[in-house]
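Peer 1: Here it is: the structure, laid out below.
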Amino acid sequence: MYSKINSNFVNHNSSYYYKAEWQPYAFHQIHHQSKSHMNHLKTMITAITLGALASSSAIGQKGAPRIIKVENPKMTVFLPPASSATGRAVVDLPGGGYSHLATGHEGFDWVPYFNGMGIAYAVVEYSFPNGNKDLPITDALNAMKVMRDSSATWGFDPKDIGIMGSSAGGHLATTVATHADTASRPDFQILFYPVVSMKKGITHGGSRKNLLGENPNESEVLEYSNELKVTKDTPRAIMLLSDDDTAVIPSNSILYYQALHGAGVPASMVIYPTGGHGWGYKKSFAYHDAMLNQLKAWLGGF
C-alpha cells in the first residue's frame with residue numbers, strides 16, 4: 001500500500017523494507033546538499049511531515065513507522081510509531097572494508113529490532129574513499145548532523161543519538177566518536193567486531209589500504225588509530241565480537257575498551273566464544289538471541 005506525498009513518492013524493495021510485516025509505508029524524498037541548505041532542509045522536512053500526517057491518516061491510525069529518504073548523504077531514516085517512540089535514535093554505518101556495504105545483516109535487517117524498542121534508526125550508505133579518506137568520514141559526520149538538526153521534527157532527543165558500526169563501519173563510527181565536534185559527535189556507540197586501529201598487526205589490512213592507501217605515512221596511521229584518540233568526551237560504548245574472529249582481531253576492541261576505561265568513559269565489551277566475523281543480525285549466529293538481549297539491556301541502562 002502506497003501513500004503519495006506531493007511528487008516525491010519512491011517505490012521500495014520489500015526485502016529491505018519489510019513490506020509484508022510493516023506496510024503501509026510513506027516515503028519522503030529529502031535533498032540535503034550542504035551546510036548552507038540546512039534551513040531549506042528543515043522547511044522541507046516540516047512541510048513533508050505535515051503533509052504525511054494530513055494525507056496519510058491510515059498510517060497514523062495503524063501505528064506504522066514513517067520512512068524518510070535523505071539523498072546527500074544517502075541515508076534512510078526509520079521512525080517508530082509516535083505512540084511508542086522513546087526519543088532515542090541510532091545512526092548505522094554498515095561494514096564492507098571501505099569497498100562495499102553489507103547493507104542487509106549490518107544495516108536494514110536491524111530496523112524491526114530498533115523500531116520495536118521505540119528507537120529511530122537510520123542506515124547510512126556512505127561513500128567509499130577511492131583515494132580520498134575524507135569522503136566516508138564527511139558522509140558520516142553529515143549524517144549525524146542531519147539527524148541532530150532534524151531531531152525536533154522527527155521526534156527524538158538531540159542529546160540521545162548514538163552511532164552504530166560493524167567491521168570497517170565500526171572504524172568509521174569510532175572515527176566520528178573520537179574526531180567530531182559537538183555538532184556531529186554521537187551520544188553513545190554500538191560497535192560490532194569493529195576495526196579501530198590502523199596499526200599493522202592489529203588493523204584489518206583491506207580497510208586500512210582502502211581508507212589510507214597502500215603506503216600511508218605514520219602520521220595518518222596514528223591519526224586514524226582511534227584507540228589513541230579517546231578522551232573524557234568520547235561517548236560511552238559497547239563492543240560485541242567473537243573470540244575466534246581472524247578477519248578483525250579482538251585486539252581492536254580490547255585496545256579501545258582499555259582507552260575508554262582509562263579516560264573514565266563507561267564501556268562494555270561482550271566477547272562470544274565463536275562466530276568469527278561478520279554475523280551482524282544473522283540468525284545463524286549461535287549467540288544471536290543472547291546478543292540481542294544483551295544489547296537491549298545495555299541500551300536500557302542509561
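In the C-alpha cells, chains take the letters A, B, ... in the order shown, each chain's residues start at 1, and ligands count up from 1 in the order shown.
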Would you kindly return, as a ChimeraX atom specification, each protein, DNA or RNA residue with an atom no farther than 7 Å from any atom of stretch 105-117 of chain A, considering only C-alpha atoms and excluding same-chain residues fewer than 5 positions away?
Peer 2: /A:16,79-80,92,94-95,123,166,280-282
Peer 1: Name all residues at most 7 Å from A:Val90 (count only C-alpha atoms; drop same-chain ones fewer than 3 positions away) and give them as a list in words.
Peer 2: Ala120, Tyr121, Ala122, Ile161, Gly162, Ile163 and Met164 of chain A
Peer 1: Please identify all polymer residues within 9 Å of stretch 128-132 of chain A, counting only C-alpha atoms, omitting same-chain residues fewer than 5 positions from it, and present them as a PyMOL selection string.
Peer 2: chain A and resi 98-100+137+210-213
Peer 1: So, counting only C-alpha atoms, which residue among A:Met144, A:Ala85, A:Ile68, A:Leu228 is closest to A:Ser197?
Peer 2: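 Nearest to A:Ser197: A:Leu228.
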Peer 1: Per DSSP on the backbone, what are the strand (DSSP E or B) residues of stretch 49-295 of chain A, as a compact mmCIF listing (two decimals) with all heavy atoms, in the first residue's frame?
Peer 2:
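Printed below is out.txt as written:
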# COMPACT_ATOMS: atom_id res chain seq x y z
N ARG A 66 7.24 5.67 10.00
CA ARG A 66 7.46 6.52 8.84
C ARG A 66 8.88 6.30 8.34
O ARG A 66 9.77 5.99 9.12
CB ARG A 66 7.26 7.98 9.22
CG ARG A 66 5.84 8.35 9.56
CD ARG A 66 5.77 9.72 10.22
NE ARG A 66 6.39 9.69 11.53
CZ ARG A 66 6.79 10.78 12.18
NH1 ARG A 66 6.69 11.96 11.62
NH2 ARG A 66 7.33 10.68 13.38
N ILE A 67 9.06 6.49 7.07
CA ILE A 67 10.37 6.32 6.46
C ILE A 67 10.74 7.60 5.72
O ILE A 67 9.93 8.15 4.98
CB ILE A 67 10.41 5.13 5.48
CG1 ILE A 67 10.11 3.84 6.23
CG2 ILE A 67 11.75 5.05 4.78
CD1 ILE A 67 10.06 2.64 5.34
N ILE A 68 11.92 8.08 5.95
CA ILE A 68 12.39 9.32 5.34
C ILE A 68 13.66 9.01 4.55
O ILE A 68 14.58 8.39 5.07
CB ILE A 68 12.66 10.38 6.42
CG1 ILE A 68 11.37 10.69 7.18
CG2 ILE A 68 13.24 11.65 5.79
CD1 ILE A 68 11.58 11.41 8.47
N LYS A 69 13.68 9.45 3.30
CA LYS A 69 14.85 9.23 2.45
C LYS A 69 15.62 10.54 2.33
O LYS A 69 15.07 11.57 1.96
CB LYS A 69 14.42 8.77 1.05
CG LYS A 69 13.58 7.51 1.04
CD LYS A 69 14.39 6.27 1.27
CE LYS A 69 15.16 5.87 0.03
NZ LYS A 69 15.83 4.56 0.20
N VAL A 70 16.90 10.48 2.65
CA VAL A 70 17.79 11.63 2.52
C VAL A 70 18.81 11.28 1.44
O VAL A 70 19.38 10.20 1.45
CB VAL A 70 18.49 11.95 3.86
CG1 VAL A 70 19.43 13.13 3.71
CG2 VAL A 70 17.45 12.23 4.94
N MET A 75 20.90 8.35 3.04
CA MET A 75 20.52 7.84 4.35
C MET A 75 19.03 7.56 4.36
O MET A 75 18.24 8.33 3.82
CB MET A 75 20.89 8.87 5.42
CG MET A 75 20.47 8.49 6.84
SD MET A 75 21.22 9.58 8.10
CE MET A 75 20.38 11.13 7.77
N THR A 76 18.63 6.44 4.96
CA THR A 76 17.23 6.10 5.13
C THR A 76 16.94 6.09 6.62
O THR A 76 17.60 5.38 7.38
CB THR A 76 16.90 4.74 4.52
OG1 THR A 76 17.39 4.67 3.18
CG2 THR A 76 15.40 4.50 4.51
N VAL A 77 15.96 6.88 7.04
CA VAL A 77 15.61 7.04 8.45
C VAL A 77 14.28 6.35 8.70
O VAL A 77 13.29 6.66 8.03
CB VAL A 77 15.53 8.52 8.85
CG1 VAL A 77 15.25 8.65 10.34
CG2 VAL A 77 16.82 9.25 8.48
N PHE A 78 14.26 5.43 9.64
CA PHE A 78 13.05 4.70 10.01
C PHE A 78 12.58 5.20 11.38
O PHE A 78 13.26 4.99 12.38
CB PHE A 78 13.34 3.20 10.09
CG PHE A 78 13.79 2.59 8.78
CD1 PHE A 78 15.11 2.68 8.38
CD2 PHE A 78 12.90 1.93 7.96
CE1 PHE A 78 15.54 2.12 7.19
CE2 PHE A 78 13.31 1.36 6.76
CZ PHE A 78 14.63 1.46 6.37
N LEU A 79 11.45 5.87 11.39
CA LEU A 79 10.90 6.40 12.63
C LEU A 79 9.86 5.45 13.20
O LEU A 79 8.96 5.03 12.47
CB LEU A 79 10.27 7.77 12.39
CG LEU A 79 11.18 8.85 11.81
CD1 LEU A 79 10.39 10.14 11.61
CD2 LEU A 79 12.37 9.11 12.72
N ALA A 89 17.67 7.66 19.12
CA ALA A 89 17.94 7.36 17.72
C ALA A 89 19.31 6.72 17.57
O ALA A 89 20.21 6.96 18.39
CB ALA A 89 17.86 8.62 16.87
N VAL A 90 19.47 5.91 16.54
CA VAL A 90 20.73 5.26 16.21
C VAL A 90 21.03 5.47 14.74
O VAL A 90 20.16 5.26 13.89
CB VAL A 90 20.68 3.75 16.54
CG1 VAL A 90 21.89 3.02 15.96
CG2 VAL A 90 20.59 3.52 18.05
N VAL A 91 22.25 5.88 14.44
CA VAL A 91 22.73 6.05 13.07
C VAL A 91 23.68 4.89 12.76
O VAL A 91 24.70 4.73 13.43
CB VAL A 91 23.46 7.39 12.90
CG1 VAL A 91 24.04 7.51 11.49
CG2 VAL A 91 22.51 8.55 13.19
N ASP A 92 23.34 4.10 11.76
CA ASP A 92 24.10 2.87 11.46
C ASP A 92 25.02 3.04 10.26
O ASP A 92 24.62 3.58 9.22
CB ASP A 92 23.13 1.72 11.19
CG ASP A 92 23.87 0.47 10.77
OD1 ASP A 92 24.72 0.00 11.55
OD2 ASP A 92 23.60 -0.05 9.66
N LEU A 93 26.25 2.54 10.41
CA LEU A 93 27.24 2.52 9.34
C LEU A 93 27.62 1.07 9.06
O LEU A 93 28.40 0.48 9.80
CB LEU A 93 28.47 3.32 9.76
CG LEU A 93 28.21 4.76 10.22
CD1 LEU A 93 29.49 5.36 10.82
CD2 LEU A 93 27.71 5.62 9.07
N ALA A 120 14.36 5.39 16.86
CA ALA A 120 14.54 5.76 15.45
C ALA A 120 15.86 5.19 14.96
O ALA A 120 16.85 5.15 15.70
CB ALA A 120 14.51 7.28 15.30
N TYR A 121 15.89 4.78 13.70
CA TYR A 121 17.06 4.06 13.19
C TYR A 121 17.34 4.51 11.77
O TYR A 121 16.45 4.51 10.91
CB TYR A 121 16.79 2.56 13.24
CG TYR A 121 17.88 1.68 12.69
CD1 TYR A 121 19.07 1.48 13.38
CD2 TYR A 121 17.71 1.02 11.47
CE1 TYR A 121 20.06 0.64 12.88
CE2 TYR A 121 18.70 0.18 10.96
CZ TYR A 121 19.86 -0.01 11.67
OH TYR A 121 20.84 -0.84 11.18
N ALA A 122 18.58 4.92 11.51
CA ALA A 122 18.98 5.41 10.19
C ALA A 122 20.12 4.56 9.64
O ALA A 122 21.08 4.27 10.36
CB ALA A 122 19.41 6.87 10.28
N VAL A 123 20.03 4.17 8.40
CA VAL A 123 21.10 3.44 7.71
C VAL A 123 21.77 4.40 6.72
O VAL A 123 21.10 4.98 5.87
CB VAL A 123 20.57 2.21 6.97
CG1 VAL A 123 21.71 1.49 6.24
CG2 VAL A 123 19.86 1.26 7.92
N VAL A 124 23.08 4.57 6.87
CA VAL A 124 23.84 5.47 6.01
C VAL A 124 24.61 4.65 4.97
O VAL A 124 25.41 3.78 5.33
CB VAL A 124 24.82 6.33 6.82
CG1 VAL A 124 25.57 7.31 5.91
CG2 VAL A 124 24.09 7.08 7.93
N ILE A 161 21.42 10.50 20.53
CA ILE A 161 21.62 9.93 19.20
C ILE A 161 22.93 9.14 19.19
O ILE A 161 24.00 9.71 19.35
CB ILE A 161 21.66 11.02 18.12
CG1 ILE A 161 20.38 11.87 18.17
CG2 ILE A 161 21.82 10.39 16.73
CD1 ILE A 161 20.41 13.08 17.26
N GLY A 162 22.82 7.85 19.03
CA GLY A 162 24.01 7.01 19.01
C GLY A 162 24.48 6.70 17.62
O GLY A 162 23.78 6.93 16.63
N ILE A 163 25.68 6.15 17.53
CA ILE A 163 26.23 5.69 16.26
C ILE A 163 26.53 4.22 16.37
O ILE A 163 26.94 3.73 17.44
CB ILE A 163 27.49 6.51 15.88
CG1 ILE A 163 27.78 6.38 14.38
CG2 ILE A 163 28.71 6.11 16.72
CD1 ILE A 163 28.72 7.45 13.85
N MET A 164 26.29 3.49 15.30
CA MET A 164 26.50 2.05 15.29
C MET A 164 27.33 1.69 14.06
O MET A 164 27.10 2.22 12.97
CB MET A 164 25.14 1.34 15.24
CG MET A 164 25.19 -0.17 15.04
SD MET A 164 23.52 -0.85 15.32
CE MET A 164 23.49 -2.15 14.08
N GLY A 165 28.30 0.82 14.25
CA GLY A 165 29.13 0.43 13.12
C GLY A 165 29.61 -1.00 13.26
O GLY A 165 29.88 -1.48 14.36
N SER A 166 29.71 -1.67 12.12
CA SER A 166 30.18 -3.05 12.08
C SER A 166 31.44 -3.13 11.22
O SER A 166 31.50 -2.53 10.14
CB SER A 166 29.11 -3.96 11.47
OG SER A 166 27.90 -3.88 12.19
N PHE A 188 26.39 7.90 22.12
CA PHE A 188 26.82 6.57 22.52
C PHE A 188 27.24 5.80 21.27
O PHE A 188 26.92 6.21 20.15
CB PHE A 188 25.73 5.82 23.31
CG PHE A 188 24.41 5.66 22.58
CD1 PHE A 188 24.14 4.55 21.79
CD2 PHE A 188 23.42 6.63 22.70
CE1 PHE A 188 22.93 4.40 21.14
CE2 PHE A 188 22.20 6.50 22.06
CZ PHE A 188 21.95 5.38 21.28
N GLN A 189 27.96 4.70 21.48
CA GLN A 189 28.47 3.89 20.37
C GLN A 189 28.06 2.44 20.54
O GLN A 189 28.18 1.87 21.63
CB GLN A 189 30.00 3.93 20.33
CG GLN A 189 30.63 5.31 20.30
CD GLN A 189 32.14 5.23 20.48
OE1 GLN A 189 32.87 4.80 19.58
NE2 GLN A 189 32.62 5.64 21.64
N ILE A 190 27.62 1.83 19.45
CA ILE A 190 27.36 0.39 19.38
C ILE A 190 28.29 -0.16 18.31
O ILE A 190 28.19 0.22 17.13
CB ILE A 190 25.89 0.09 19.01
CG1 ILE A 190 24.93 0.72 20.03
CG2 ILE A 190 25.67 -1.42 18.91
CD1 ILE A 190 23.47 0.66 19.61
N LEU A 191 29.21 -1.04 18.70
CA LEU A 191 30.27 -1.47 17.80
C LEU A 191 30.30 -2.99 17.70
O LEU A 191 30.49 -3.68 18.69
CB LEU A 191 31.63 -0.95 18.29
CG LEU A 191 31.70 0.56 18.51
CD1 LEU A 191 32.99 0.93 19.24
CD2 LEU A 191 31.59 1.32 17.19
N PHE A 192 30.10 -3.49 16.48
CA PHE A 192 30.17 -4.93 16.23
C PHE A 192 31.50 -5.25 15.55
O PHE A 192 31.81 -4.72 14.48
CB PHE A 192 29.02 -5.38 15.34
CG PHE A 192 27.67 -5.29 16.01
CD1 PHE A 192 26.85 -4.20 15.81
CD2 PHE A 192 27.25 -6.30 16.87
CE1 PHE A 192 25.61 -4.12 16.43
CE2 PHE A 192 26.02 -6.22 17.50
CZ PHE A 192 25.19 -5.12 17.28
N ARG A 236 30.16 6.96 25.54
CA ARG A 236 30.15 5.59 26.05
C ARG A 236 29.98 4.59 24.91
O ARG A 236 29.45 4.93 23.84
CB ARG A 236 29.02 5.41 27.06
CG ARG A 236 27.63 5.48 26.48
CD ARG A 236 26.56 5.17 27.51
NE ARG A 236 26.50 6.20 28.53
CZ ARG A 236 26.30 5.94 29.83
NH1 ARG A 236 26.13 4.69 30.25
NH2 ARG A 236 26.24 6.92 30.70
N ALA A 237 30.39 3.35 25.14
CA ALA A 237 30.38 2.37 24.05
C ALA A 237 30.14 0.96 24.56
O ALA A 237 30.46 0.61 25.70
CB ALA A 237 31.70 2.42 23.28
N ILE A 238 29.58 0.15 23.67
CA ILE A 238 29.54 -1.30 23.86
C ILE A 238 30.15 -1.93 22.62
O ILE A 238 29.90 -1.50 21.50
CB ILE A 238 28.11 -1.83 24.10
CG1 ILE A 238 28.16 -3.34 24.39
CG2 ILE A 238 27.18 -1.51 22.92
CD1 ILE A 238 26.84 -3.93 24.85
N MET A 239 30.99 -2.94 22.83
CA MET A 239 31.60 -3.69 21.74
C MET A 239 31.16 -5.14 21.83
O MET A 239 31.19 -5.73 22.92
CB MET A 239 33.13 -3.58 21.82
CG MET A 239 33.66 -2.22 21.46
SD MET A 239 35.11 -1.72 22.45
CE MET A 239 34.32 -1.20 23.97
N LEU A 240 30.72 -5.70 20.71
CA LEU A 240 30.27 -7.08 20.66
C LEU A 240 31.05 -7.78 19.55
O LEU A 240 31.05 -7.31 18.40
CB LEU A 240 28.77 -7.16 20.42
CG LEU A 240 27.91 -6.39 21.43
CD1 LEU A 240 27.37 -5.10 20.80
CD2 LEU A 240 26.77 -7.23 21.96
N LEU A 241 31.69 -8.89 19.87
CA LEU A 241 32.59 -9.53 18.92
C LEU A 241 32.79 -10.99 19.30
O LEU A 241 32.31 -11.45 20.34
CB LEU A 241 33.94 -8.82 18.92
CG LEU A 241 34.67 -8.75 20.26
CD1 LEU A 241 36.18 -8.83 20.06
CD2 LEU A 241 34.33 -7.43 21.00
N SER A 242 33.50 -11.72 18.46
CA SER A 242 33.79 -13.13 18.70
C SER A 242 35.28 -13.34 18.92
O SER A 242 36.11 -12.72 18.26
CB SER A 242 33.33 -13.99 17.52
OG SER A 242 31.92 -13.99 17.43
N ALA A 267 32.19 1.88 29.47
CA ALA A 267 32.41 0.98 28.33
C ALA A 267 32.07 -0.45 28.72
O ALA A 267 32.31 -0.87 29.86
CB ALA A 267 33.85 1.08 27.84
N SER A 268 31.52 -1.18 27.77
CA SER A 268 31.20 -2.59 27.96
C SER A 268 31.73 -3.36 26.77
O SER A 268 31.79 -2.84 25.65
CB SER A 268 29.69 -2.79 28.08
OG SER A 268 29.17 -2.12 29.21
N MET A 269 32.09 -4.60 27.00
CA MET A 269 32.57 -5.45 25.92
C MET A 269 32.07 -6.87 26.14
O MET A 269 32.18 -7.41 27.25
CB MET A 269 34.10 -5.43 25.86
CG MET A 269 34.67 -6.22 24.69
SD MET A 269 36.44 -5.84 24.39
CE MET A 269 37.15 -6.20 26.00
N VAL A 270 31.49 -7.45 25.09
CA VAL A 270 31.00 -8.83 25.13
C VAL A 270 31.74 -9.62 24.07
O VAL A 270 31.68 -9.29 22.88
CB VAL A 270 29.48 -8.91 24.88
CG1 VAL A 270 28.99 -10.35 25.01
CG2 VAL A 270 28.71 -7.99 25.84
N ILE A 271 32.47 -10.64 24.50
CA ILE A 271 33.23 -11.47 23.56
C ILE A 271 32.62 -12.87 23.57
O ILE A 271 32.66 -13.57 24.58
CB ILE A 271 34.71 -11.53 23.94
CG1 ILE A 271 35.30 -10.12 24.02
CG2 ILE A 271 35.49 -12.37 22.90
CD1 ILE A 271 36.77 -10.09 24.43
N TYR A 272 32.06 -13.29 22.44
CA TYR A 272 31.46 -14.62 22.32
C TYR A 272 32.53 -15.64 21.95
O TYR A 272 33.49 -15.30 21.24
CB TYR A 272 30.34 -14.59 21.28
CG TYR A 272 29.26 -13.59 21.64
CD1 TYR A 272 29.18 -12.36 20.98
CD2 TYR A 272 28.34 -13.86 22.64
CE1 TYR A 272 28.21 -11.43 21.32
CE2 TYR A 272 27.36 -12.93 22.99
CZ TYR A 272 27.31 -11.72 22.32
OH TYR A 272 26.36 -10.79 22.68
Peer 1: Which residue is closest to A:Ala177? Choose from A:Asp244, A:Asp289, A:Glu227, A:Glu71 and count only C-alpha atoms.
Peer 2: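 Counting only C-alpha atoms, the residue closest to A:Ala177 is A:Glu227.
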Peer 1: Work out how far atom CA of A:Lys232 is from atom CA of A:Gly201, in Å to one decimal.
Peer 2: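 Spanning atom CA of A:Gly201 to atom CA of A:Lys232 is a straight-line distance of 27.0 Å.
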Peer 1: Any idea what's packed within 8 Å of A:Met147, counting only C-alpha atoms, ignoring anything in its chain fewer than 4 positions away? Could you give it as a ChimeraX atom specification?
Peer 2: /A:143,151,158,161
Peer 1: Take the selection from the previous step and output its residues with C-alpha atoms, as a short mmCIF file (atom, residue, chain, number, x, y, z; two decimals), in the first residue's frame.
Peer 2:
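Written file, selection23.cif:
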data_model
loop_
_atom_site.label_atom_id
_atom_site.label_comp_id
_atom_site.auth_asym_id
_atom_site.auth_seq_id
_atom_site.Cartn_x
_atom_site.Cartn_y
_atom_site.Cartn_z
CA ALA A 143 24.55 12.11 8.70
CA SER A 151 15.50 15.78 15.80
CA PRO A 158 19.17 15.62 20.03
CA ILE A 161 21.62 9.93 19.20
#
Peer 1: For atom CA of A:Lys209 and atom CA of A:Gly96, quote the distance in Å rounded to one decimal.
Peer 2: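 Distance reported for this atom pair: 12.8 Å.
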Peer 1: Can you tell me, as a short mmCIF file (atom, residue, chain, number, x, y, z; two decimals) with C-alpha atoms, in the first residue's frame, what residues are no more than 10 Å from A:Ala180 when counting only C-alpha atoms, ignoring any on the same chain fewer than 2 positions away?
Peer 2:
data_model
loop_
_atom_site.label_atom_id
_atom_site.label_comp_id
_atom_site.auth_asym_id
_atom_site.auth_seq_id
_atom_site.Cartn_x
_atom_site.Cartn_y
_atom_site.Cartn_z
CA ILE A 137 34.13 10.46 7.09
CA ALA A 140 29.15 10.02 8.44
CA LEU A 141 29.65 13.44 10.07
CA MET A 144 24.97 12.75 12.42
CA THR A 174 34.83 5.33 16.16
CA THR A 175 36.40 7.96 13.90
CA VAL A 176 33.27 10.08 14.27
CA ALA A 177 33.13 9.39 18.02
CA THR A 178 36.75 10.46 18.56
CA THR A 182 29.86 18.60 19.35
CA ALA A 183 27.51 19.12 16.40
CA SER A 184 28.30 15.69 14.98
CA ARG A 185 29.58 13.73 17.97
CA PRO A 186 27.29 10.82 18.92
CA THR A 234 34.34 10.31 23.86
#
Peer 1: Ranking A:Pro250, A:Pro235, A:Gly205, A:Gly155 by minimum distance to A:Pro266 and counting only C-alpha atoms, which one comes first?
Peer 2: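 Nearest to A:Pro266: A:Pro235.
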Peer 1: Could you give me, as a short mmCIF file (atom, residue, chain, number, x, y, z; two decimals) with N, CA and C atoms, in the first residue's frame, the residues within 6 Å of stretch 218-226 of chain A, counting only C-alpha atoms and dropping anything in the same chain fewer than 3 positions from it?
Peer 2:
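The result, written out as around-v6.cif:
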data_model
loop_
_atom_site.label_atom_id
_atom_site.label_comp_id
_atom_site.auth_asym_id
_atom_site.auth_seq_id
_atom_site.Cartn_x
_atom_site.Cartn_y
_atom_site.Cartn_z
N VAL A 196 39.34 -0.72 14.67
CA VAL A 196 39.57 0.50 15.45
C VAL A 196 40.93 1.10 15.11
N SER A 197 41.94 0.25 15.05
CA SER A 197 43.30 0.71 14.82
C SER A 197 43.67 0.65 13.34
N MET A 198 44.60 1.48 12.93
CA MET A 198 45.20 1.41 11.61
C MET A 198 46.63 0.87 11.66
N LYS A 229 42.89 8.17 20.23
CA LYS A 229 42.19 9.46 20.16
C LYS A 229 41.08 9.60 21.19
#
